[in-house]
Each structure stands twice: as C-alpha cells, then as structure tokens.
$ cat protein-v6.cif   # mmCIF, C-alpha atoms
data_input
#
loop_
_atom_site.label_atom_id
_atom_site.label_comp_id
_atom_site.auth_asym_id
_atom_site.auth_seq_id
_atom_site.Cartn_x
_atom_site.Cartn_y
_atom_site.Cartn_z
CA MET A 102 93.91 102.77 106.48
CA LYS A 103 94.12 99.55 108.51
CA ALA A 104 90.51 98.74 107.61
CA TYR A 105 91.28 99.29 103.91
CA PHE A 106 94.18 96.86 104.01
CA GLN A 107 92.04 94.35 105.91
CA HIS A 108 89.43 94.71 103.17
CA LEU A 109 92.11 94.21 100.49
CA ARG A 110 93.39 91.12 102.29
CA ARG A 111 89.87 89.73 102.46
CA LEU A 112 89.43 90.42 98.74
CA ASN A 113 92.72 88.71 97.98
CA ILE A 114 91.82 85.63 99.98
CA SER A 115 88.26 85.20 98.84
CA GLY A 116 88.36 86.62 95.35
CA ASN A 117 85.19 88.58 95.93
CA THR A 118 83.65 90.91 98.49
CA ALA A 119 81.55 88.21 100.08
CA VAL A 120 82.75 85.56 102.52
CA ARG A 121 85.14 82.91 101.23
CA ARG A 122 83.45 80.36 99.00
CA PRO A 123 84.86 76.84 99.49
CA LEU A 124 86.42 75.18 96.45
CA PRO A 125 84.12 72.52 94.95
CA THR A 126 84.98 68.86 95.47
CA PRO A 127 83.54 65.81 93.66
CA ALA A 128 81.24 65.33 96.67
CA THR A 129 79.75 68.82 96.06
CA TYR A 130 78.36 67.57 92.73
CA LEU A 131 77.70 63.96 93.64
CA THR A 132 75.35 64.94 96.47
CA GLN A 133 73.14 66.59 93.85
CA ILE A 134 72.41 63.23 92.17
CA ASP A 135 68.92 61.95 92.78
CA PRO A 136 68.95 59.83 96.02
CA ASN A 137 67.40 56.84 94.21
CA VAL A 138 70.16 56.94 91.58
CA GLN A 139 72.77 57.38 94.34
CA ALA A 140 71.47 54.25 96.03
CA SER A 141 71.70 52.29 92.80
CA LEU A 142 75.44 53.03 92.36
CA ASN A 143 77.91 50.48 93.63
CA SER A 144 81.21 51.50 95.22
CA GLN A 145 83.18 51.00 91.97
CA GLN A 146 80.82 53.21 89.96
CA TRP A 147 80.87 55.77 92.75
CA ALA A 148 84.69 55.87 92.80
CA GLU A 149 84.84 56.17 89.00
CA LEU A 150 82.35 59.04 89.02
CA GLU A 151 84.39 60.78 91.71
CA ARG A 152 87.58 60.38 89.67
CA VAL A 153 86.05 61.83 86.50
CA ILE A 154 84.43 64.75 88.29
CA ASP A 155 87.73 65.49 90.03
CA LEU A 156 89.40 65.66 86.59
CA ALA A 157 86.76 68.14 85.39
CA ILE A 158 87.05 70.50 88.35
CA PRO A 159 89.43 73.37 87.51
CA LYS A 160 92.36 73.58 89.91
CA PRO A 161 93.40 77.17 90.63
CA ALA A 162 97.16 77.62 90.32
CA PRO A 163 98.93 79.23 93.27
CA LYS A 164 99.63 82.90 92.59
CA LEU A 165 102.75 84.84 93.45
CA VAL A 166 100.82 88.10 93.22
CA ASP A 167 97.04 88.27 93.60
CA LEU A 168 95.86 91.85 93.95
CA ARG A 169 92.22 92.72 93.50
CA PHE A 170 90.45 95.98 94.11
CA GLU A 171 87.34 97.72 92.96
CA VAL A 172 86.82 101.14 91.45
CA ASP A 173 83.34 102.62 91.56
CA LEU A 174 82.85 105.37 88.99
CA LEU A 175 79.16 105.86 89.85
CA ILE A 176 78.03 105.02 86.31
CA SER A 177 79.46 101.57 86.79
CA ARG A 178 81.57 99.53 89.20
CA TYR A 179 84.75 97.90 87.96
CA PHE A 180 87.15 95.43 89.48
CA ILE A 181 90.84 95.39 88.71
CA VAL A 182 92.85 92.22 89.13
CA LEU A 183 96.58 91.75 88.90
CA MET A 184 97.81 88.17 89.02
CA VAL A 185 101.25 86.69 88.56
CA GLY A 186 101.87 82.96 88.79
CA LYS A 187 103.58 80.02 87.18
CA ASP A 188 101.90 79.05 83.91
CA ARG A 189 101.00 75.34 84.01
CA ARG A 190 98.84 75.38 80.89
CA ARG A 191 100.13 72.96 78.25
CA THR A 192 97.72 73.83 75.46
CA PRO A 193 97.25 77.39 74.20
CA ARG A 194 94.32 79.24 75.75
CA SER A 195 91.31 79.34 73.44
CA VAL A 196 90.26 82.95 72.85
CA PRO A 197 86.62 83.07 71.72
CA VAL A 198 86.82 86.71 70.52
CA SER A 199 87.56 88.25 67.15
CA ARG A 200 90.95 89.71 66.23
CA PHE A 201 89.41 93.18 66.27
CA THR A 202 88.16 92.70 69.87
CA GLN A 203 91.54 91.29 70.86
CA LEU A 204 93.25 94.38 69.42
CA GLY A 205 90.80 96.62 71.30
CA ASN A 206 91.49 94.72 74.53
CA TRP A 207 95.23 95.14 74.05
CA MET A 208 94.90 98.86 73.36
CA ALA A 209 92.66 99.38 76.43
CA ALA A 210 95.09 97.38 78.59
CA VAL A 211 98.08 99.40 77.35
CA ILE A 212 96.28 102.72 77.99
CA LEU A 213 95.23 101.55 81.46
CA LEU A 214 98.75 100.38 82.31
CA LEU A 215 100.24 103.65 81.02
CA GLY A 216 97.74 105.60 83.12
CA PHE A 217 98.53 103.60 86.25
CA ASN A 218 102.24 103.86 85.53
CA LEU A 219 102.00 107.63 85.13
CA ALA A 220 99.96 108.05 88.34
CA ILE A 221 102.21 105.78 90.41
CA SER A 222 105.44 107.25 88.97
CA THR A 223 104.24 110.81 89.69
CA SER A 224 103.34 109.86 93.27
CA VAL A 225 106.65 108.06 93.85
CA LEU A 226 108.70 110.92 92.38
CA MET A 227 106.75 113.50 94.37
CA ALA A 228 107.13 111.50 97.59
CA ALA A 229 110.87 111.10 96.90
CA TYR A 230 111.21 114.83 96.25
CA LEU A 231 109.32 115.75 99.42
CA ILE A 232 111.28 113.27 101.57
CA LYS A 233 114.55 114.60 100.09
CA SER A 234 113.47 118.16 100.83
CA ALA A 235 112.25 117.23 104.32
CA LEU A 236 115.68 115.75 105.06
CA GLY A 237 117.22 119.09 104.08
CA ILE A 238 119.10 117.66 101.09
CA ASP A 239 119.64 120.43 98.53
CA LEU A 240 120.89 118.96 95.25
CA LEU A 241 120.82 122.27 93.37
CA PRO A 242 121.70 125.60 94.99
CA GLY A 243 118.68 127.88 95.50
CA HIS A 244 115.10 126.75 95.91
CA PHE A 245 113.02 126.04 92.83
CA ARG A 246 110.06 128.37 93.28
CA GLY A 247 107.61 126.32 91.26
CA ILE A 248 106.29 126.70 87.73
CA GLY A 249 105.40 130.29 86.91
CA ASN A 250 107.28 131.88 89.83
CA MET B 273 76.02 96.52 118.96
CA ASN B 274 78.40 96.22 121.92
CA ILE B 275 80.24 99.02 123.70
CA GLY B 276 83.51 98.33 121.82
CA THR B 277 81.82 98.76 118.44
CA ILE B 278 80.11 101.95 119.57
CA LEU B 279 83.40 103.39 120.86
CA SER B 280 85.22 102.41 117.67
CA LEU B 281 82.50 103.95 115.50
CA THR B 282 82.44 107.13 117.59
CA GLY B 283 86.24 107.38 117.33
CA ARG B 284 86.13 106.94 113.56
CA LEU B 285 83.35 109.47 113.11
CA GLY B 286 85.14 111.92 115.38
CA SER B 287 88.41 111.52 113.47
CA LEU B 288 86.58 111.92 110.16
CA ILE B 289 84.78 115.09 111.25
CA LEU B 290 87.97 116.53 112.74
CA GLY B 291 89.96 115.61 109.62
CA VAL B 292 87.44 117.30 107.34
CA GLY B 293 87.67 120.40 109.54
CA VAL B 294 91.45 120.37 108.99
CA TRP B 295 90.82 120.06 105.23
CA GLY B 296 88.59 123.14 105.41
CA TRP B 297 91.28 125.04 107.32
CA TRP B 298 93.98 124.15 104.77
CA LEU B 299 91.73 124.86 101.78
CA ALA B 300 91.20 128.37 103.17
CA ALA B 301 94.90 128.73 103.99
CA LEU B 302 95.94 127.79 100.44
CA ALA B 303 93.26 130.13 99.04
CA ALA B 304 91.65 127.26 97.14
CA PRO B 305 89.21 128.45 94.47
CA LYS B 306 85.50 127.75 94.88
CA SER B 307 85.69 124.99 92.27
CA VAL B 308 88.20 123.09 94.46
CA VAL B 309 85.97 123.51 97.53
CA LEU B 310 83.03 122.23 95.46
CA MET B 311 85.13 119.27 94.30
CA THR B 312 86.00 118.52 97.94
CA GLY B 313 82.31 118.50 98.84
CA LEU B 314 81.58 116.17 95.92
CA LEU B 315 84.49 113.94 96.97
CA LEU B 316 82.98 113.65 100.45
CA ALA B 317 79.59 112.74 99.01
CA TYR B 318 81.22 110.25 96.62
CA GLY B 319 83.23 108.55 99.39
CA LEU B 320 80.21 108.27 101.65
CA GLY B 321 77.96 106.96 98.90
CA VAL B 322 80.33 104.47 97.29
CA GLY B 323 82.45 103.04 100.13
CA TRP B 324 85.64 101.12 99.36
CA GLY B 325 85.22 101.59 95.62
CA SER B 326 86.04 105.28 96.10
CA VAL B 327 89.50 104.80 97.62
CA VAL B 328 91.53 104.66 94.38
CA PRO B 329 89.85 107.60 92.54
CA ALA B 330 89.69 109.75 95.70
CA SER B 331 93.35 109.05 96.58
CA ALA B 332 94.29 109.97 93.01
CA ALA B 333 92.37 113.26 93.37
CA VAL B 334 94.10 114.03 96.69
CA SER B 335 97.53 113.19 95.23
CA MET B 336 96.79 115.42 92.23
CA ALA B 337 95.92 118.32 94.54
CA ILE B 338 99.17 117.79 96.48
CA ALA B 339 101.09 117.60 93.17
CA LEU B 340 99.61 120.99 92.20
CA VAL B 341 100.68 122.48 95.56
CA VAL B 342 104.23 121.16 95.07
CA THR B 343 104.54 122.00 91.36
CA PHE B 344 103.24 125.57 91.66
CA ASP B 345 104.93 126.08 95.04
CA ILE B 346 101.77 127.27 96.73
CA PHE B 347 102.38 128.45 100.30
CA PRO B 348 99.86 129.78 102.82
CA PRO B 349 100.26 133.54 103.42
CA PHE B 350 101.33 133.05 107.06
CA TRP B 351 104.29 130.83 106.10
CA PRO B 352 107.52 132.69 106.96
CA ASP B 353 109.64 133.57 103.91
CA ASN B 354 112.92 132.90 105.70
CA SER B 355 111.89 129.42 106.85
CA HIS B 356 113.82 126.47 105.35
CA TYR B 357 111.92 124.59 102.64
CA LYS B 358 112.29 121.32 104.57
CA TYR B 359 109.60 122.42 107.06
CA TRP B 360 107.18 123.02 104.22
CA ALA B 361 108.12 119.62 102.74
CA TYR B 362 107.35 117.98 106.12
CA THR B 363 104.01 119.78 106.25
CA VAL B 364 103.05 118.75 102.71
CA LEU B 365 104.06 115.13 103.37
CA LEU B 366 102.00 115.10 106.55
CA LEU B 367 99.05 116.69 104.76
CA TRP B 368 99.27 114.12 101.96
CA THR B 369 99.48 111.11 104.31
CA ALA B 370 96.68 112.40 106.53
CA SER B 371 94.47 113.12 103.51
CA VAL B 372 94.90 109.60 102.09
CA ALA B 373 94.15 108.17 105.55
CA LEU B 374 91.05 110.38 105.70
CA VAL B 375 89.92 109.10 102.29
CA CYS B 376 90.25 105.52 103.60
CA LEU B 377 88.31 106.42 106.75
CA LEU B 378 85.59 108.05 104.67
CA ALA B 379 85.39 104.94 102.49
CA ALA B 380 85.23 102.66 105.56
CA ILE B 381 82.32 104.63 107.02
CA GLY B 382 80.66 104.84 103.59
CA GLN B 383 80.95 101.06 103.25
CA ARG B 384 79.43 100.58 106.68
CA LEU B 385 76.53 102.84 105.75
CA ARG B 386 75.97 100.79 102.59
CA HIS B 387 75.29 97.78 104.79
CA THR B 388 72.87 99.47 107.16
CA LYS B 389 69.09 99.04 106.83
CA SER B 390 67.74 100.95 103.84
CA ALA B 391 65.41 102.95 106.11
CA HIS B 392 68.38 104.44 107.97
CA ARG B 393 70.91 104.46 105.11
CA TRP B 394 69.93 107.66 103.36
CA GLY B 395 69.22 109.46 106.61
CA GLY B 396 72.64 108.47 107.94
CA ARG B 397 74.38 109.48 104.72
CA LEU B 398 72.69 112.85 104.50
CA THR B 399 73.21 113.67 108.19
CA LEU B 400 76.88 112.74 108.02
CA LEU B 401 77.40 114.58 104.73
CA ALA B 402 75.77 117.72 106.17
CA SER B 403 78.01 117.43 109.26
CA LEU B 404 81.12 117.02 107.11
CA LEU B 405 80.23 119.96 104.86
CA GLY B 406 79.48 122.01 107.98
CA MET B 407 82.86 121.04 109.39
CA LEU B 408 84.55 122.05 106.12
CA TRP B 409 82.94 125.48 106.54
CA VAL B 410 83.89 125.64 110.25
CA GLY B 411 87.53 124.86 109.34
CA ALA B 412 87.58 127.70 106.81
CA ARG B 413 85.96 130.08 109.32
CA LEU B 414 88.55 129.17 111.95
CA TYR B 415 91.31 130.04 109.48
CA GLN B 416 89.64 133.36 108.71
CA ALA B 417 89.34 134.04 112.45
CA GLN B 418 93.12 133.43 112.64
CA TRP B 419 92.95 130.32 114.80
CA PRO B 420 95.08 128.83 116.32
CA GLU B 421 96.78 131.75 117.98
CA TRP B 422 100.28 130.22 118.11
CA ILE B 423 100.63 130.68 114.33
CA PRO B 424 102.60 133.86 113.48
CA TRP B 425 99.75 135.47 111.51
CA SER B 426 101.36 138.85 110.89
#
$ encode --input "protein-v6.cif" --output "structure tokens"
Amino acid sequence: MKAYFQHLRRLNISGNTAVRRPLPTPATYLTQIDPNVQASLNSQQWAELERVIDLAIPKPAPKLVDLRFEVDLLISRYFIVLMVGKDRRRTPRSVPVSRFTQLGNWMAAVILLLGFNLAISTSVLMAAYLIKSALGIDLLPGHFRGIGN
Amino acid sequence: MNIGTILSLTGRLGSLILGVGVWGWWLAALAAPKSVVLMTGLLLAYGLGVGWGSVVPASAAVSMAIALVVTFDIFPPFWPDNSHYKYWAYTVLLLWTASVALVCLLAAIGQRLRHTKSAHRWGGRLTLLASLLGMLWVGARLYQAQWPEWIPWS
C-alpha cells in the first residue's frame, strides 16, 4: 500500500514512470548550436537568442490536482490523468480534430467518468454501510438478509 | 543487494504468500464456485505479470467480490446465526482492506520482477505464481480440515 502511494507520488512529481526530467531552459537548446557558430555570437546576440527561446519554451501552469495512474489491460497499457488548475490561456485552444472525433472523445469521456463515478460511489456506499453496521447502528429494525433471501 | 533489501523482500514475499493462503481459506469458507477460484488464479498471474498497472482493475475486481458478498448476504457455514451483524461487518471490512493491500503488494512484487534481468524474470514469475497457487490450495485444504481449531465448527 505504502509502496503504491510512493509510486503514485513519483508519478505525480515526474509526470512519467521514469526519473524526473528537468524542465528545458534556453541554455539546453543553445548548447546544441555548432561551437563555431557559438563563438561567432556576441553577447548581445546571445542574450537576444536566449530571450526568444525562453518565450518559445512552454511554461507548465501549477496544478491544484495532478493525479496520474496507469491501467494495464494486457492488450494495451493506458494512462489516466486528472488535472485541475487555473486556466491562464488567453486564446482558445486550437483543436486539430474533426467535429466527429470531438464528439466521440466527449462520449468516451462521459462513459469513462460515469463508470468511475459508479465504481467509486458503490465502494463509498458499501464502505459507509459496513462501517455503520460495524458500529452497531441499526437504522431499520430487523436485518436485511440480502437479495434473494 | 544489502541485508535490508533482502529482509524487506523476504517480508513482502512472506506476507504475500500468507495473504494468498488466507484468500484460499476464505474462498473455501464462502463456498466460492470454481469460476471464482479460476478468476483469483488469473488475478494473481495478472498482478505478477503487469505490476502497478494492475492495481486499479484488480482492486475493482476485489471490491466487486466484496459487494457480491454484502449484497447477497453470503455467510460462511460456521458463522453463528445468533451473532450480531456488526461482527460480520467488521470481518468483511477487514477482508476488503486486507485484500486491497494484498493487491498492492502483488503489484509491487510484480513491478519488481518486471525490472529484473530477463533471464530470471520468467523463472521468478512462474516460481512465485506456482507458490501462490499452491498457497491458495493449501488455504482451502486448511478450511476443509477445519483449521484453526478455535473456530466453533459445529
């Protein structure tokens, strides 16, 4: 149990199962320039390049909720991500898929959410019922003998 | 591998094998059909083979089995009729929690086996799976032999 939560924490920090990958900086890209070209750049050009590359690097927004886990169904391995955070985007997100695909995505997401909701609700209700029973609280007189009894 | 790692691994394996034995005992006590026993064997193989990716589906399967026990009010034959339902509720809660913990332990060991050298991986998996299935059988046999003795069998 403890190991599972440690694994989840590691997933949540790093975003993948491997070790944490550092966020790229302008220097990450500038070091890849040919050394001869690097030598030919003066400090002003270097600073300007750094500024432009810094603008191009995506900045991940801090997340209030960042839950990631994987589900391996043998035929394929899936990852499930739940993120909640403040939306800083000023322009609408470009969606490079057709309306039909978008509709399919929505339907799949709704079915998945309903499935998760059903599973979690059943577990919560069952746990609540068992805890209530374990505490000896009898809301209705007589014990319900289960379906079919 | 240092002594701490070896002790930790031995403890985990011991707990896993013991836990699967308890599963076998309870499956026999609840008169689980052969299909459920087969599903349990497949679940063990799945957890060992897949690692952490098996936790969510396997926990869902365990929770579903517990939901069936609660919904259909399935009791083991030795459970006294005049006993308050709260003791059964405690037992089911304990069984549920322990089973989910066992699923996580199985996944942790499965994940570890995934990262071992390929020459030892399959051997390790098969040996452990055979031990777990054997323990499932031993648990059921212990129930049939009416063990432990402190349970009011008659």
$ residues_around --input "protein-v6.cif" --residues "Pro424 (chain B)" --least-positions-apart "3" --cutoff "12 Å" --atoms "only C-alpha atoms" --output "ChimeraX atom specification"
/B:348-353,418-421
$ write_last_selection --input "protein-v6.cif" --atoms "C-alpha atoms" --output "PDB file, in the coordinates of the input"
ATOM      1  CA  PRO B 348      99.860 129.780 102.820  1.00  0.00           C
ATOM      2  CA  PRO B 349     100.260 133.540 103.420  1.00  0.00           C
ATOM      3  CA  PHE B 350     101.330 133.050 107.060  1.00  0.00           C
ATOM      4  CA  TRP B 351     104.290 130.830 106.100  1.00  0.00           C
ATOM      5  CA  PRO B 352     107.520 132.690 106.960  1.00  0.00           C
ATOM      6  CA  ASP B 353     109.640 133.570 103.910  1.00  0.00           C
ATOM      7  CA  GLN B 418      93.120 133.430 112.640  1.00  0.00           C
ATOM      8  CA  TRP B 419      92.950 130.320 114.800  1.00  0.00           C
ATOM      9  CA  PRO B 420      95.080 128.830 116.320  1.00  0.00           C
ATOM     10  CA  GLU B 421      96.780 131.750 117.980  1.00  0.00           C
TER      11      GLU B 421
END
$ atom_distance --input "protein-v6.cif" --atom1 "CA of Val198 (chain A)" --atom2 "CA of Phe180 (chain A)"
20.9 Å
$ interface_residues --input "protein-v6.cif" --of "chain B" --to "chain A" --cutoff "6 Å" --atoms "only C-alpha atoms" --output "PDB file with C-alpha atoms, in the frame of the given file"
ATOM      1  CA  GLY B 325      85.220 101.590  95.620  1.00  0.00           C
ATOM      2  CA  SER B 326      86.040 105.280  96.100  1.00  0.00           C
ATOM      3  CA  THR B 343     104.540 122.000  91.360  1.00  0.00           C
ATOM      4  CA  PHE B 344     103.240 125.570  91.660  1.00  0.00           C
ATOM      5  CA  ASP B 345     104.930 126.080  95.040  1.00  0.00           C
ATOM      6  CA  LYS B 358     112.290 121.320 104.570  1.00  0.00           C
ATOM      7  CA  ALA B 361     108.120 119.620 102.740  1.00  0.00           C
ATOM      8  CA  TYR B 362     107.350 117.980 106.120  1.00  0.00           C
ATOM      9  CA  ALA B 373      94.150 108.170 105.550  1.00  0.00           C
ATOM     10  CA  CYS B 376      90.250 105.520 103.600  1.00  0.00           C
TER      11      CYS B 376
END
$ residues_near_point --input "protein-v6.cif" --point "(80.8, 122.3, 103.7)" --cutoff "12 Å" --atoms "only C-alpha atoms" --output "PyMOL selection string"
chain B and resi 289+292-293+295-297+299+306+308-317+400-413
$ closest_residue --input "protein-v6.cif" --among "B:Tyr415, B:Trp394, B:Tyr357, B:Tyr318" --to "Ala303 (chain B)" --atoms "all atoms listed in the file"
B:Tyr415
$ resolve_selection --input "protein-v6.cif" --expression "the PyMOL selection byres ((chain A and resi 186-193) around 12)" --output "VMD selection string"
chain A and resid 159 to 168 183 to 185 194 to 196
$ closest_residue --input "protein-v6.cif" --among "B:Ala379, B:Ile423, B:Ala300, B:Leu365" --to "Gly319 (chain B)" --atoms "only C-alpha atoms"
B:Ala379
$ closest_residue --input "protein-v6.cif" --among "A:Leu150, A:Leu240, A:Leu219, A:Ile212" --to "Ile134 (chain A)" --atoms "all atoms listed in the file"
A:Leu150
$ residues_around --input "protein-v6.cif" --residues "Ile338 (chain B)" --least-positions-apart "3" --cutoff "8 Å" --atoms "only C-alpha atoms" --output "MDAnalysis selection string"
chainID B and resid 334:335 341:342 364 368
$ build_atoms --input "protein-v6.cif" --residues "region 220-231 of chain A" --atoms "all heavy atoms" --output "short mmCIF file (atom, residue, chain, number, x, y, z; two decimals), in the frame of the given file"
data_model
loop_
_atom_site.label_atom_id
_atom_site.label_comp_id
_atom_site.auth_asym_id
_atom_site.auth_seq_id
_atom_site.Cartn_x
_atom_site.Cartn_y
_atom_site.Cartn_z
N ALA A 220 100.45 107.62 87.01
CA ALA A 220 99.96 108.05 88.34
C ALA A 220 100.92 107.59 89.44
O ALA A 220 101.29 108.37 90.32
CB ALA A 220 98.57 107.48 88.58
N ILE A 221 101.34 106.31 89.36
CA ILE A 221 102.21 105.78 90.41
C ILE A 221 103.59 106.44 90.35
O ILE A 221 104.15 106.83 91.37
CB ILE A 221 102.30 104.23 90.31
CG1 ILE A 221 100.94 103.64 90.69
CG2 ILE A 221 103.37 103.68 91.24
CD1 ILE A 221 100.77 102.19 90.38
N SER A 222 104.11 106.63 89.11
CA SER A 222 105.44 107.25 88.97
C SER A 222 105.42 108.68 89.53
O SER A 222 106.34 109.09 90.23
CB SER A 222 105.87 107.30 87.51
OG SER A 222 105.87 106.02 86.98
N THR A 223 104.35 109.43 89.20
CA THR A 223 104.24 110.81 89.69
C THR A 223 104.22 110.82 91.23
O THR A 223 104.93 111.61 91.85
CB THR A 223 102.94 111.47 89.16
OG1 THR A 223 102.90 111.28 87.76
CG2 THR A 223 102.88 112.94 89.47
N SER A 224 103.43 109.91 91.80
CA SER A 224 103.34 109.86 93.27
C SER A 224 104.68 109.50 93.88
O SER A 224 105.10 110.10 94.87
CB SER A 224 102.29 108.84 93.70
OG SER A 224 101.05 109.25 93.25
N VAL A 225 105.36 108.50 93.29
CA VAL A 225 106.65 108.06 93.85
C VAL A 225 107.68 109.19 93.75
O VAL A 225 108.40 109.48 94.72
CB VAL A 225 107.14 106.77 93.13
CG1 VAL A 225 108.59 106.46 93.47
CG2 VAL A 225 106.26 105.60 93.50
N LEU A 226 107.73 109.84 92.57
CA LEU A 226 108.70 110.92 92.38
C LEU A 226 108.41 112.08 93.34
O LEU A 226 109.32 112.65 93.93
CB LEU A 226 108.66 111.42 90.93
CG LEU A 226 109.39 110.53 89.92
CD1 LEU A 226 109.19 111.06 88.52
CD2 LEU A 226 110.88 110.48 90.23
N MET A 227 107.11 112.39 93.49
CA MET A 227 106.75 113.50 94.37
C MET A 227 107.09 113.16 95.83
O MET A 227 107.64 114.00 96.55
CB MET A 227 105.25 113.80 94.24
CG MET A 227 104.85 115.09 94.88
SD MET A 227 103.20 115.55 94.40
CE MET A 227 102.21 114.27 95.14
N ALA A 228 106.80 111.92 96.21
CA ALA A 228 107.13 111.50 97.59
C ALA A 228 108.64 111.56 97.79
O ALA A 228 109.11 112.05 98.83
CB ALA A 228 106.60 110.09 97.84
N ALA A 229 109.41 111.09 96.78
CA ALA A 229 110.87 111.10 96.90
C ALA A 229 111.38 112.54 97.02
O ALA A 229 112.25 112.84 97.85
CB ALA A 229 111.50 110.41 95.70
N TYR A 230 110.80 113.43 96.22
CA TYR A 230 111.21 114.83 96.25
C TYR A 230 110.90 115.46 97.61
O TYR A 230 111.75 116.16 98.20
CB TYR A 230 110.50 115.60 95.13
CG TYR A 230 110.68 117.10 95.21
CD1 TYR A 230 111.91 117.68 94.94
CD2 TYR A 230 109.62 117.92 95.59
CE1 TYR A 230 112.08 119.06 95.04
CE2 TYR A 230 109.79 119.30 95.69
CZ TYR A 230 111.01 119.85 95.41
OH TYR A 230 111.19 121.20 95.52
N LEU A 231 109.71 115.17 98.13
CA LEU A 231 109.32 115.75 99.42
C LEU A 231 110.17 115.19 100.56
O LEU A 231 110.58 115.94 101.45
CB LEU A 231 107.83 115.49 99.68
CG LEU A 231 106.87 116.35 98.86
CD1 LEU A 231 105.43 115.90 99.06
CD2 LEU A 231 106.99 117.82 99.23
#
